[in-house]
file protein.pdb (PDB, C-alpha atoms and all ligand atoms)
ATOM      1  CA  MET A 155      91.390  -1.197  55.491
ATOM      2  CA  GLN A 156      94.043  -3.267  57.203
ATOM      3  CA  LEU A 157      93.818  -5.867  54.437
ATOM      4  CA  GLY A 158      93.926  -3.176  51.753
ATOM      5  CA  TRP A 159      97.077  -1.692  53.204
ATOM      6  CA  THR A 160      98.730  -5.083  53.500
ATOM      7  CA  MET A 161      97.928  -5.939  49.896
ATOM      8  CA  LYS A 162      99.186  -2.575  48.725
ATOM      9  CA  SER A 163     102.456  -2.849  50.588
ATOM     10  CA  THR A 164     102.911  -6.452  49.445
ATOM     11  CA  ARG A 165     102.444  -5.297  45.877
ATOM     12  CA  ALA A 166     104.915  -2.465  46.389
ATOM     13  CA  TRP A 167     107.409  -4.890  47.884
ATOM     14  CA  LEU A 168     106.964  -7.296  44.998
ATOM     15  CA  LEU A 169     107.493  -4.489  42.509
ATOM     16  CA  LEU A 170     110.564  -3.299  44.379
ATOM     17  CA  SER A 171     112.103  -6.759  44.514
ATOM     18  CA  MET A 172     111.422  -7.201  40.794
ATOM     19  CA  ILE A 173     113.254  -3.953  40.092
ATOM     20  CA  VAL A 174     116.178  -4.958  42.281
ATOM     21  CA  ALA A 175     116.325  -8.398  40.700
ATOM     22  CA  ALA A 176     115.912  -7.303  37.107
ATOM     23  CA  GLY A 177     117.576  -3.878  37.090
ATOM     24  CA  CYS A 178     117.184  -2.124  33.779
ATOM     25  CA  ALA A 179     117.156  -4.782  31.136
ATOM     26  CA  SER A 180     119.460  -4.725  28.174
ATOM     27  CA  ALA A 181     119.641  -8.417  27.358
ATOM     28  CA  GLU A 182     117.736  -9.128  24.178
ATOM     29  CA  PRO A 183     116.002 -12.408  25.148
ATOM     30  CA  VAL A 184     114.425 -10.904  28.274
ATOM     31  CA  GLU A 185     113.284  -7.796  26.401
ATOM     32  CA  SER A 186     111.617  -9.578  23.513
ATOM     33  CA  ALA A 187     110.083 -12.259  25.710
ATOM     34  CA  SER A 188     108.387  -9.726  27.979
ATOM     35  CA  ALA A 189     107.254  -7.620  25.020
ATOM     36  CA  GLU A 190     105.691 -10.707  23.498
ATOM     37  CA  LEU A 191     103.907 -11.579  26.727
ATOM     38  CA  ARG A 192     102.359  -8.142  26.806
ATOM     39  CA  GLY A 193     101.486  -8.335  23.116
ATOM     40  CA  SER A 194     103.140  -4.982  22.593
ATOM     41  CA  SER A 195     106.017  -5.968  20.357
ATOM     42  CA  THR A 196     104.511  -4.193  17.336
ATOM     43  CA  SER A 197     104.282  -0.795  19.012
ATOM     44  CA  THR A 198     107.805  -0.470  20.348
ATOM     45  CA  SER A 199     109.312   1.043  17.200
ATOM     46  CA  THR A 200     107.022   4.108  17.079
ATOM     47  CA  PRO A 201     109.293   7.137  17.421
ATOM     48  CA  ILE A 202     108.566   9.677  20.130
ATOM     49  CA  ILE A 203     109.215  13.233  19.007
ATOM     50  CA  VAL A 204     110.138  15.624  21.812
ATOM     51  CA  PRO A 205     110.066  19.363  21.070
ATOM     52  CA  LEU A 206     112.723  21.181  23.097
ATOM     53  CA  SER A 207     111.915  24.596  24.495
ATOM     54  CA  ALA A 208     114.305  27.416  25.373
ATOM     55  CA  LYS A 209     115.128  27.812  29.077
ATOM     56  CA  SER A 210     117.212  30.092  31.310
ATOM     57  CA  GLY A 211     116.881  32.946  28.798
ATOM     58  CA  SER A 212     118.419  30.969  25.911
ATOM     59  CA  SER A 213     117.363  31.046  22.234
ATOM     60  CA  LEU A 214     117.505  27.279  21.823
ATOM     61  CA  THR A 215     115.243  25.514  19.370
ATOM     62  CA  GLY A 216     115.315  21.810  18.680
ATOM     63  CA  THR A 217     113.875  18.331  18.895
ATOM     64  CA  ALA A 218     114.781  14.926  20.200
ATOM     65  CA  VAL A 219     113.562  11.742  18.505
ATOM     66  CA  LEU A 220     113.479   8.555  20.579
ATOM     67  CA  THR A 221     113.032   5.083  19.115
ATOM     68  CA  GLU A 222     113.235   1.675  20.757
ATOM     69  CA  GLU A 223     115.926  -0.489  19.198
ATOM     70  CA  PRO A 224     114.800  -3.970  18.067
ATOM     71  CA  SER A 225     117.521  -5.549  20.215
ATOM     72  CA  GLY A 226     116.735  -3.416  23.300
ATOM     73  CA  GLY A 227     117.606   0.097  24.385
ATOM     74  CA  VAL A 228     116.511   3.469  23.051
ATOM     75  CA  ARG A 229     118.093   5.373  20.159
ATOM     76  CA  VAL A 230     118.116   9.107  20.817
ATOM     77  CA  VAL A 231     118.761  11.758  18.162
ATOM     78  CA  ILE A 232     118.908  15.343  19.430
ATOM     79  CA  ASP A 233     119.076  18.321  17.064
ATOM     80  CA  VAL A 234     119.459  21.848  18.387
ATOM     81  CA  ALA A 235     120.037  25.328  17.030
ATOM     82  CA  GLY A 236     120.514  28.770  18.517
ATOM     83  CA  ILE A 237     123.022  28.044  21.276
ATOM     84  CA  ALA A 238     126.694  28.862  21.829
ATOM     85  CA  PRO A 239     129.330  26.893  19.916
ATOM     86  CA  GLY A 240     131.030  24.195  21.963
ATOM     87  CA  GLU A 241     129.975  21.212  24.054
ATOM     88  CA  HIS A 242     126.672  21.009  25.914
ATOM     89  CA  GLY A 243     125.733  18.290  28.387
ATOM     90  CA  ALA A 244     122.532  16.358  27.580
ATOM     91  CA  HIS A 245     120.661  14.098  29.982
ATOM     92  CA  VAL A 246     117.342  12.561  30.904
ATOM     93  CA  HIS A 247     116.088  14.127  34.139
ATOM     94  CA  GLN A 248     113.623  12.403  36.421
ATOM     95  CA  ASN A 249     110.548  14.670  36.250
ATOM     96  CA  GLY A 250     108.518  15.080  33.066
ATOM     97  CA  ASP A 251     108.125  18.745  33.963
ATOM     98  CA  CYS A 252     109.756  21.610  32.043
ATOM     99  CA  SER A 253     107.408  24.250  33.431
ATOM    100  CA  SER A 254     109.901  26.384  35.352
ATOM    101  CA  PRO A 255     111.880  29.076  33.448
ATOM    102  CA  ASP A 256     115.193  27.504  34.503
ATOM    103  CA  ALA A 257     113.961  23.911  33.971
ATOM    104  CA  MET A 258     114.837  23.031  37.553
ATOM    105  CA  SER A 259     111.314  21.537  37.673
ATOM    106  CA  ALA A 260     112.756  18.560  35.759
ATOM    107  CA  GLY A 261     114.642  17.547  38.915
ATOM    108  CA  ASP A 262     117.830  15.499  39.090
ATOM    109  CA  HIS A 263     119.218  12.989  36.616
ATOM    110  CA  PHE A 264     116.963   9.977  36.121
ATOM    111  CA  THR A 265     118.647   6.982  37.748
ATOM    112  CA  PRO A 266     116.329   4.066  38.543
ATOM    113  CA  GLN A 267     119.415   1.892  39.068
ATOM    114  CA  ARG A 268     120.977   4.464  41.445
ATOM    115  CA  HIS A 269     124.227   4.514  39.532
ATOM    116  CA  PRO A 270     126.740   7.385  39.699
ATOM    117  CA  HIS A 271     126.854  10.020  36.973
ATOM    118  CA  GLY A 272     129.083   9.269  33.976
ATOM    119  CA  LEU A 273     130.060  10.024  30.408
ATOM    120  CA  PRO A 274     129.312   7.428  27.744
ATOM    121  CA  PRO A 275     130.523   4.823  27.097
ATOM    122  CA  THR A 276     131.454   4.536  30.811
ATOM    123  CA  GLU A 277     129.356   1.955  32.672
ATOM    124  CA  PRO A 278     127.718   2.024  35.097
ATOM    125  CA  ARG A 279     126.285   5.506  34.644
ATOM    126  CA  HIS A 280     122.868   7.184  34.897
ATOM    127  CA  ILE A 281     120.590   5.535  32.344
ATOM    128  CA  GLY A 282     120.010   8.843  30.505
ATOM    129  CA  ASP A 283     123.533  10.284  30.559
ATOM    130  CA  PHE A 284     124.042  11.135  26.870
ATOM    131  CA  GLY A 285     127.380  12.944  27.149
ATOM    132  CA  ASN A 286     127.842  16.110  25.122
ATOM    133  CA  LEU A 287     126.178  17.665  22.132
ATOM    134  CA  VAL A 288     128.781  19.369  19.934
ATOM    135  CA  VAL A 289     127.548  22.704  18.592
ATOM    136  CA  GLY A 290     129.288  24.379  15.657
ATOM    137  CA  GLU A 291     129.929  28.044  14.872
ATOM    138  CA  ASP A 292     126.466  28.185  13.264
ATOM    139  CA  GLY A 293     124.846  27.362  16.595
ATOM    140  CA  ARG A 294     123.683  23.949  15.409
ATOM    141  CA  GLY A 295     124.449  20.576  16.867
ATOM    142  CA  ARG A 296     123.409  16.933  16.718
ATOM    143  CA  LEU A 297     123.874  14.056  19.132
ATOM    144  CA  GLU A 298     122.989  10.461  18.349
ATOM    145  CA  ILE A 299     123.327   7.762  20.988
ATOM    146  CA  VAL A 300     121.736   4.500  22.116
ATOM    147  CA  ALA A 301     120.826   4.251  25.805
ATOM    148  CA  PRO A 302     121.224   0.468  26.160
ATOM    149  CA  HIS A 303     119.252  -0.038  29.378
ATOM    150  CA  ALA A 304     116.251   2.189  28.703
ATOM    151  CA  SER A 305     112.864   1.552  27.084
ATOM    152  CA  LEU A 306     109.808   3.569  26.043
ATOM    153  CA  ARG A 307     107.260   1.252  27.676
ATOM    154  CA  ALA A 308     104.942   2.995  30.085
ATOM    155  CA  ASP A 309     105.057   0.159  32.653
ATOM    156  CA  ASP A 310     108.859  -0.168  32.810
ATOM    157  CA  PRO A 311     110.742   1.458  35.730
ATOM    158  CA  CYS A 312     113.601   2.131  33.283
ATOM    159  CA  SER A 313     111.365   3.841  30.716
ATOM    160  CA  PHE A 314     112.170   7.340  29.497
ATOM    161  CA  VAL A 315     108.448   8.083  29.087
ATOM    162  CA  ASP A 316     107.233  10.882  31.392
ATOM    163  CA  ARG A 317     110.817  12.051  32.034
ATOM    164  CA  ALA A 318     112.503  15.121  30.542
ATOM    165  CA  ILE A 319     115.452  15.739  28.230
ATOM    166  CA  VAL A 320     117.612  18.652  29.386
ATOM    167  CA  ILE A 321     120.325  20.473  27.408
ATOM    168  CA  HIS A 322     122.894  22.429  29.428
ATOM    169  CA  ALA A 323     124.852  25.648  28.912
ATOM    170  CA  HIS A 324     128.215  23.950  29.459
ATOM    171  CA  ARG A 325     130.147  20.790  28.881
ATOM    172  CA  ASP A 326     129.417  17.691  30.963
ATOM    173  CA  ASP A 327     132.812  16.836  32.470
ATOM    174  CA  GLY A 328     131.671  13.548  33.989
ATOM    175  CA  GLY A 329     132.026  14.870  37.563
ATOM    176  CA  GLN A 330     129.622  13.971  40.386
ATOM    177  CA  PRO A 331     126.771  14.255  40.924
ATOM    178  CA  SER A 332     125.680  15.525  37.499
ATOM    179  CA  GLY A 333     128.615  16.636  35.344
ATOM    180  CA  ASN A 334     128.970  20.346  36.266
ATOM    181  CA  ALA A 335     127.199  21.305  33.052
ATOM    182  CA  GLY A 336     125.659  24.522  34.375
ATOM    183  CA  ALA A 337     122.351  26.172  33.545
ATOM    184  CA  ARG A 338     119.581  24.301  31.754
ATOM    185  CA  VAL A 339     119.139  26.006  28.364
ATOM    186  CA  GLY A 340     116.695  23.529  26.803
ATOM    187  CA  CYS A 341     114.029  21.142  28.091
ATOM    188  CA  GLY A 342     111.434  18.795  26.611
ATOM    189  CA  VAL A 343     109.032  16.297  28.174
ATOM    190  CA  ILE A 344     109.148  12.755  26.774
ATOM    191  CA  ARG A 345     105.466  11.983  26.217
ATOM    192  CA  SER A 346     104.167   8.519  25.417
ATOM    193  CA  ALA A 347     103.733   7.762  21.701
ATOM    194  CA  ASP A 348      99.975   7.826  22.354
ATOM    195  CA  TYR A 349     100.282  11.529  23.021
ATOM    196  CA  GLY A 350     100.036  14.094  20.200
ATOM    197  CA  ALA A 351     101.362  13.517  16.677
ATOM    198  CA  GLY A 352     103.203  10.313  17.603
ATOM    199  CA  GLY A 353      99.954   8.904  18.942
ATOM    200  CA  PHE A 354      98.272   9.504  15.617
ATOM    201  CA  THR A 355     100.955   7.495  13.814
ATOM    202  CA  ARG A 356     100.553   4.725  16.329
ATOM    203  CA  VAL A 357      96.772   4.590  15.886
ATOM    204  CA  LEU A 358      97.268   4.319  12.107
ATOM    205  CA  ALA A 359      99.740   1.483  12.584
ATOM    206  CA  ARG A 360      97.353  -0.274  14.933
ATOM    207  CA  ASN A 361      94.444   0.073  12.526
ATOM    208  CA  ALA A 362      96.561  -1.204   9.662
ATOM    209  CA  SER A 363      97.585  -4.310  11.615
ATOM    210  CA  SER A 364      94.030  -5.050  12.805
ATOM    211  CA  VAL A 365      92.655  -5.187   9.236
ATOM    212  CA  ARG A 366      94.124  -8.578   8.501
TER     213      ARG A 366
HETATM  214 CU    CU B 401     121.164  17.441  32.827
HETATM  215 ZN    ZN B 402     123.948  11.783  35.095
END
call {"tool": "encode", "arguments": {"input": "protein.pdb", "output": "C-alpha cells"}}
result
Amino acid sequence: MQLGWTMKSTRAWLLLSMIVAAGCASAEPVESASAELRGSSTSTSTPIIVPLSAKSGSSLTGTAVLTEEPSGGVRVVIDVAGIAPGEHGAHVHQNGDCSSPDAMSAGDHFTPQRHPHGLPPTEPRHIGDFGNLVVGEDGRGRLEIVAPHASLRADDPCSFVDRAIVIHAHRDDGGQPSGNAGARVGCGVIRSADYGAGGFTRVLARNASSVR
C-alpha cells in the first residue's frame, strides 16, 4: 500500500513536471516526433464533429468541426444559426459536460497552461479562447480559427477532447477572467474521433491502411 502510493505520487509528479517543462506544444518537430513514437500520425487528421445544443432558453442550432493541423494545432470551424445578430464569444470550457440547462456544467475556460483570458491573436491566452463569432441579420454566423497549442490526442494535457465548446449571448471583450460574454446559449461536448460518426470514419481509414 505504501509502495503503491509512492509509485502513484511519483508518476503524478513525473507527469506534472513533464507538463510544466513541455507546456502545450506548438513547435512542429516536437509534435510530429511524438506522434511518430506513438504510431498515431495517421489518425490525427480525422475531423471531430461537435453538435451544438441550445442552452439558456436560446434557439441556437449549429456544429463545430475540429481537425488537427499537419504542422500542429487544431483548426476549428463553428457554424451557428438561430441567435441574435452581433458578436458572440466562443471558447473551450474545461468540462466535457453540457448537461445543465444553462451550460454552467461545462465549468470555466480550459487553461492547462494557466494563462489569463484573451482575444486572439493575443498571446498568451487560454488555449481555447476563439474570440467572437459574428452573426448576421439572418441569425447565422461562422468562425474559423486555428488554436496553435491544442491537439485532439486523448493522452495530451492540452487536448480539446473531453472538453466543451460554449457559445455566449454577448461579445467577448477580452476582460478577465473570461471575457464578460454573458449567458451560455450553446454547448457541445468534444468527443474523441472514436466516438459516434467520426469513429466510424476512423475505423474505415484504419481498415484501409491495414490492407496493404
Ligand atoms: Cu465561454
Ligand atoms: Zn478564456
call {"tool": "residues_around", "arguments": {"input": "protein.pdb", "residues": "Pro270 (chain A)", "least_positions_apart": "2", "cutoff": "12 Å", "atoms": "all atoms listed in the file", "output": "PyMOL selection string"}}
result
chain A and resi 263-268+272-273+276-283+328-333
call {"tool": "residues_near_ligand", "arguments": {"input": "protein.pdb", "ligand": "ligand CU 401 (chain B)", "cutoff": "10 Å", "atoms": "only C-alpha atoms and all ligand atoms", "output": "ChimeraX atom specification"}}
result
/A:242-248,257-258,260-264,282-285,318-323,326,332-341
call {"tool": "write_last_selection", "arguments": {"input": "protein.pdb", "atoms": "C-alpha atoms", "output": "PDB file, keeping the file's coordinate frame"}}
result
ATOM      1  CA  HIS A 242     126.672  21.009  25.914  1.00  0.00           C
ATOM      2  CA  GLY A 243     125.733  18.290  28.387  1.00  0.00           C
ATOM      3  CA  ALA A 244     122.532  16.358  27.580  1.00  0.00           C
ATOM      4  CA  HIS A 245     120.661  14.098  29.982  1.00  0.00           C
ATOM      5  CA  VAL A 246     117.342  12.561  30.904  1.00  0.00           C
ATOM      6  CA  HIS A 247     116.088  14.127  34.139  1.00  0.00           C
ATOM      7  CA  GLN A 248     113.623  12.403  36.421  1.00  0.00           C
ATOM      8  CA  ALA A 257     113.961  23.911  33.971  1.00  0.00           C
ATOM      9  CA  MET A 258     114.837  23.031  37.553  1.00  0.00           C
ATOM     10  CA  ALA A 260     112.756  18.560  35.759  1.00  0.00           C
ATOM     11  CA  GLY A 261     114.642  17.547  38.915  1.00  0.00           C
ATOM     12  CA  ASP A 262     117.830  15.499  39.090  1.00  0.00           C
ATOM     13  CA  HIS A 263     119.218  12.989  36.616  1.00  0.00           C
ATOM     14  CA  PHE A 264     116.963   9.977  36.121  1.00  0.00           C
ATOM     15  CA  GLY A 282     120.010   8.843  30.505  1.00  0.00           C
ATOM     16  CA  ASP A 283     123.533  10.284  30.559  1.00  0.00           C
ATOM     17  CA  PHE A 284     124.042  11.135  26.870  1.00  0.00           C
ATOM     18  CA  GLY A 285     127.380  12.944  27.149  1.00  0.00           C
ATOM     19  CA  ALA A 318     112.503  15.121  30.542  1.00  0.00           C
ATOM     20  CA  ILE A 319     115.452  15.739  28.230  1.00  0.00           C
ATOM     21  CA  VAL A 320     117.612  18.652  29.386  1.00  0.00           C
ATOM     22  CA  ILE A 321     120.325  20.473  27.408  1.00  0.00           C
ATOM     23  CA  HIS A 322     122.894  22.429  29.428  1.00  0.00           C
ATOM     24  CA  ALA A 323     124.852  25.648  28.912  1.00  0.00           C
ATOM     25  CA  ASP A 326     129.417  17.691  30.963  1.00  0.00           C
ATOM     26  CA  SER A 332     125.680  15.525  37.499  1.00  0.00           C
ATOM     27  CA  GLY A 333     128.615  16.636  35.344  1.00  0.00           C
ATOM     28  CA  ASN A 334     128.970  20.346  36.266  1.00  0.00           C
ATOM     29  CA  ALA A 335     127.199  21.305  33.052  1.00  0.00           C
ATOM     30  CA  GLY A 336     125.659  24.522  34.375  1.00  0.00           C
ATOM     31  CA  ALA A 337     122.351  26.172  33.545  1.00  0.00           C
ATOM     32  CA  ARG A 338     119.581  24.301  31.754  1.00  0.00           C
ATOM     33  CA  VAL A 339     119.139  26.006  28.364  1.00  0.00           C
ATOM     34  CA  GLY A 340     116.695  23.529  26.803  1.00  0.00           C
ATOM     35  CA  CYS A 341     114.029  21.142  28.091  1.00  0.00           C
TER      36      CYS A 341
END
call {"tool": "closest_residue", "arguments": {"input": "protein.pdb", "among": "A:Ala179, A:Arg296, A:Lys209, A:His271", "to": "Val230 (chain A)", "atoms": "only C-alpha atoms"}}
result
A:Arg296
call {"tool": "closest_residue", "arguments": {"input": "protein.pdb", "among": "A:Ser305, A:Asp310, A:Pro274, A:Thr215", "to": "ligand ZN 402 (chain B)", "atoms": "all atoms listed in the file"}}
result
A:Pro274
call {"tool": "atom_distance", "arguments": {"input": "protein.pdb", "atom1": "CA of Ala238 (chain A)", "atom2": "CA of Val289 (chain A)"}}
result
7.0 Å
call {"tool": "resolve_selection", "arguments": {"input": "protein.pdb", "expression": "the PyMOL selection byres (((chain A and resi 241) around 6) and not hetatm)", "output": "PyMOL selection string"}}
result
chain A and resi 240+242+286-288+325
call {"tool": "residues_around", "arguments": {"input": "protein.pdb", "residues": "Gly250 (chain A)", "least_positions_apart": "5", "cutoff": "6 Å", "atoms": "only C-alpha atoms", "output": "list in words"}}
result
Asp316, Arg317, Ala318 and Val343 of chain A
call {"tool": "write_last_selection", "arguments": {"input": "protein.pdb", "atoms": "C-alpha atoms", "output": "mmCIF file, in the frame of the given file"}}
result
data_model
loop_
_atom_site.group_PDB
_atom_site.id
_atom_site.type_symbol
_atom_site.label_atom_id
_atom_site.label_comp_id
_atom_site.auth_asym_id
_atom_site.auth_seq_id
_atom_site.Cartn_x
_atom_site.Cartn_y
_atom_site.Cartn_z
ATOM 1 C CA ASP A 316 107.233 10.882 31.392
ATOM 2 C CA ARG A 317 110.817 12.051 32.034
ATOM 3 C CA ALA A 318 112.503 15.121 30.542
ATOM 4 C CA VAL A 343 109.032 16.297 28.174
#
call {"tool": "atom_distance", "arguments": {"input": "protein.pdb", "atom1": "CA of Thr221 (chain A)", "atom2": "CA of Arg307 (chain A)"}}
result
11.0 Å
call {"tool": "closest_residue", "arguments": {"input": "protein.pdb", "among": "A:Asp327, A:Glu291, A:Glu223, A:Asp233", "to": "ligand ZN 402 (chain B)", "atoms": "only C-alpha atoms and all ligand atoms"}}
result
A:Asp327
call {"tool": "closest_residue", "arguments": {"input": "protein.pdb", "among": "A:His269, A:Ala304, A:Arg294, A:Ile232", "to": "ligand ZN 402 (chain B)", "atoms": "only C-alpha atoms and all ligand atoms"}}
result
A:His269
call {"tool": "atom_distance", "arguments": {"input": "protein.pdb", "atom1": "CA of Cys178 (chain A)", "atom2": "CA of Phe314 (chain A)"}}
result
11.5 Å
call {"tool": "closest_residue", "arguments": {"input": "protein.pdb", "among": "A:Gly295, A:Pro311, A:Pro255, A:Pro201", "to": "Val228 (chain A)", "atoms": "only C-alpha atoms"}}
result
A:Pro201
call {"tool": "residues_around", "arguments": {"input": "protein.pdb", "residues": "Ser346 (chain A)", "least_positions_apart": "2", "cutoff": "7 Å", "atoms": "all atoms listed in the file", "output": "VMD selection string"}}
result
chain A and resid 202 315 344 348 to 349
call {"tool": "axis_aligned_box", "arguments": {"input": "protein.pdb", "around": "region 329-334 of chain A", "padding_each_side": "5 Å", "output": "AutoDock Vina command-line options"}}
result
--center_x 128.9 --center_y 17.2 --center_z 38.1 --size_x 16.3 --size_y 16.4 --size_z 15.6
call {"tool": "residues_near_point", "arguments": {"input": "protein.pdb", "point": "(114.3, -1.6, 23.9)", "cutoff": "8 Å", "atoms": "all atoms listed in the file", "output": "list in words"}}
result
Ser180, Glu185, Thr198, Glu222, Glu223, Pro224, Ser225, Gly226, Gly227, Val228, Pro302, His303, Ala304, Ser305 and Leu306 of chain A
call {"tool": "closest_residue", "arguments": {"input": "protein.pdb", "among": "A:Val219, A:Cys252, A:Ile237, A:Ser210", "to": "Val300 (chain A)", "atoms": "only C-alpha atoms"}}
result
A:Val219
call {"tool": "build_atoms", "arguments": {"input": "protein.pdb", "residues": "region 290-301 of chain A", "atoms": "N, CA and C atoms", "output": "PDB file, in the frame of the given file"}}
result
ATOM      1  N   GLY A 290     128.349  23.683  16.531  1.00  0.00           N
ATOM      2  CA  GLY A 290     129.288  24.379  15.657  1.00  0.00           C
ATOM      3  C   GLY A 290     129.131  25.891  15.721  1.00  0.00           C
ATOM      4  N   GLU A 291     129.950  26.575  14.916  1.00  0.00           N
ATOM      5  CA  GLU A 291     129.929  28.044  14.872  1.00  0.00           C
ATOM      6  C   GLU A 291     128.562  28.580  14.451  1.00  0.00           C
ATOM      7  N   ASP A 292     127.804  27.758  13.710  1.00  0.00           N
ATOM      8  CA  ASP A 292     126.466  28.185  13.264  1.00  0.00           C
ATOM      9  C   ASP A 292     125.397  27.980  14.337  1.00  0.00           C
ATOM     10  N   GLY A 293     125.804  27.537  15.508  1.00  0.00           N
ATOM     11  CA  GLY A 293     124.846  27.362  16.595  1.00  0.00           C
ATOM     12  C   GLY A 293     124.062  26.061  16.538  1.00  0.00           C
ATOM     13  N   ARG A 294     124.424  25.203  15.570  1.00  0.00           N
ATOM     14  CA  ARG A 294     123.683  23.949  15.409  1.00  0.00           C
ATOM     15  C   ARG A 294     124.482  22.750  15.880  1.00  0.00           C
ATOM     16  N   GLY A 295     123.769  21.780  16.414  1.00  0.00           N
ATOM     17  CA  GLY A 295     124.449  20.576  16.867  1.00  0.00           C
ATOM     18  C   GLY A 295     123.545  19.369  16.834  1.00  0.00           C
ATOM     19  N   ARG A 296     124.163  18.186  16.726  1.00  0.00           N
ATOM     20  CA  ARG A 296     123.409  16.933  16.718  1.00  0.00           C
ATOM     21  C   ARG A 296     124.123  15.919  17.585  1.00  0.00           C
ATOM     22  N   LEU A 297     123.334  15.153  18.325  1.00  0.00           N
ATOM     23  CA  LEU A 297     123.874  14.056  19.132  1.00  0.00           C
ATOM     24  C   LEU A 297     123.039  12.818  18.858  1.00  0.00           C
ATOM     25  N   GLU A 298     123.702  11.726  18.539  1.00  0.00           N
ATOM     26  CA  GLU A 298     122.989  10.461  18.349  1.00  0.00           C
ATOM     27  C   GLU A 298     123.628   9.414  19.240  1.00  0.00           C
ATOM     28  N   ILE A 299     122.797   8.729  20.015  1.00  0.00           N
ATOM     29  CA  ILE A 299     123.327   7.762  20.988  1.00  0.00           C
ATOM     30  C   ILE A 299     122.253   6.723  21.290  1.00  0.00           C
ATOM     31  N   VAL A 300     122.676   5.518  21.640  1.00  0.00           N
ATOM     32  CA  VAL A 300     121.736   4.500  22.116  1.00  0.00           C
ATOM     33  C   VAL A 300     121.921   4.343  23.622  1.00  0.00           C
ATOM     34  N   ALA A 301     120.825   4.496  24.355  1.00  0.00           N
ATOM     35  CA  ALA A 301     120.826   4.251  25.805  1.00  0.00           C
ATOM     36  C   ALA A 301     120.460   2.774  25.989  1.00  0.00           C
TER      37      ALA A 301
END
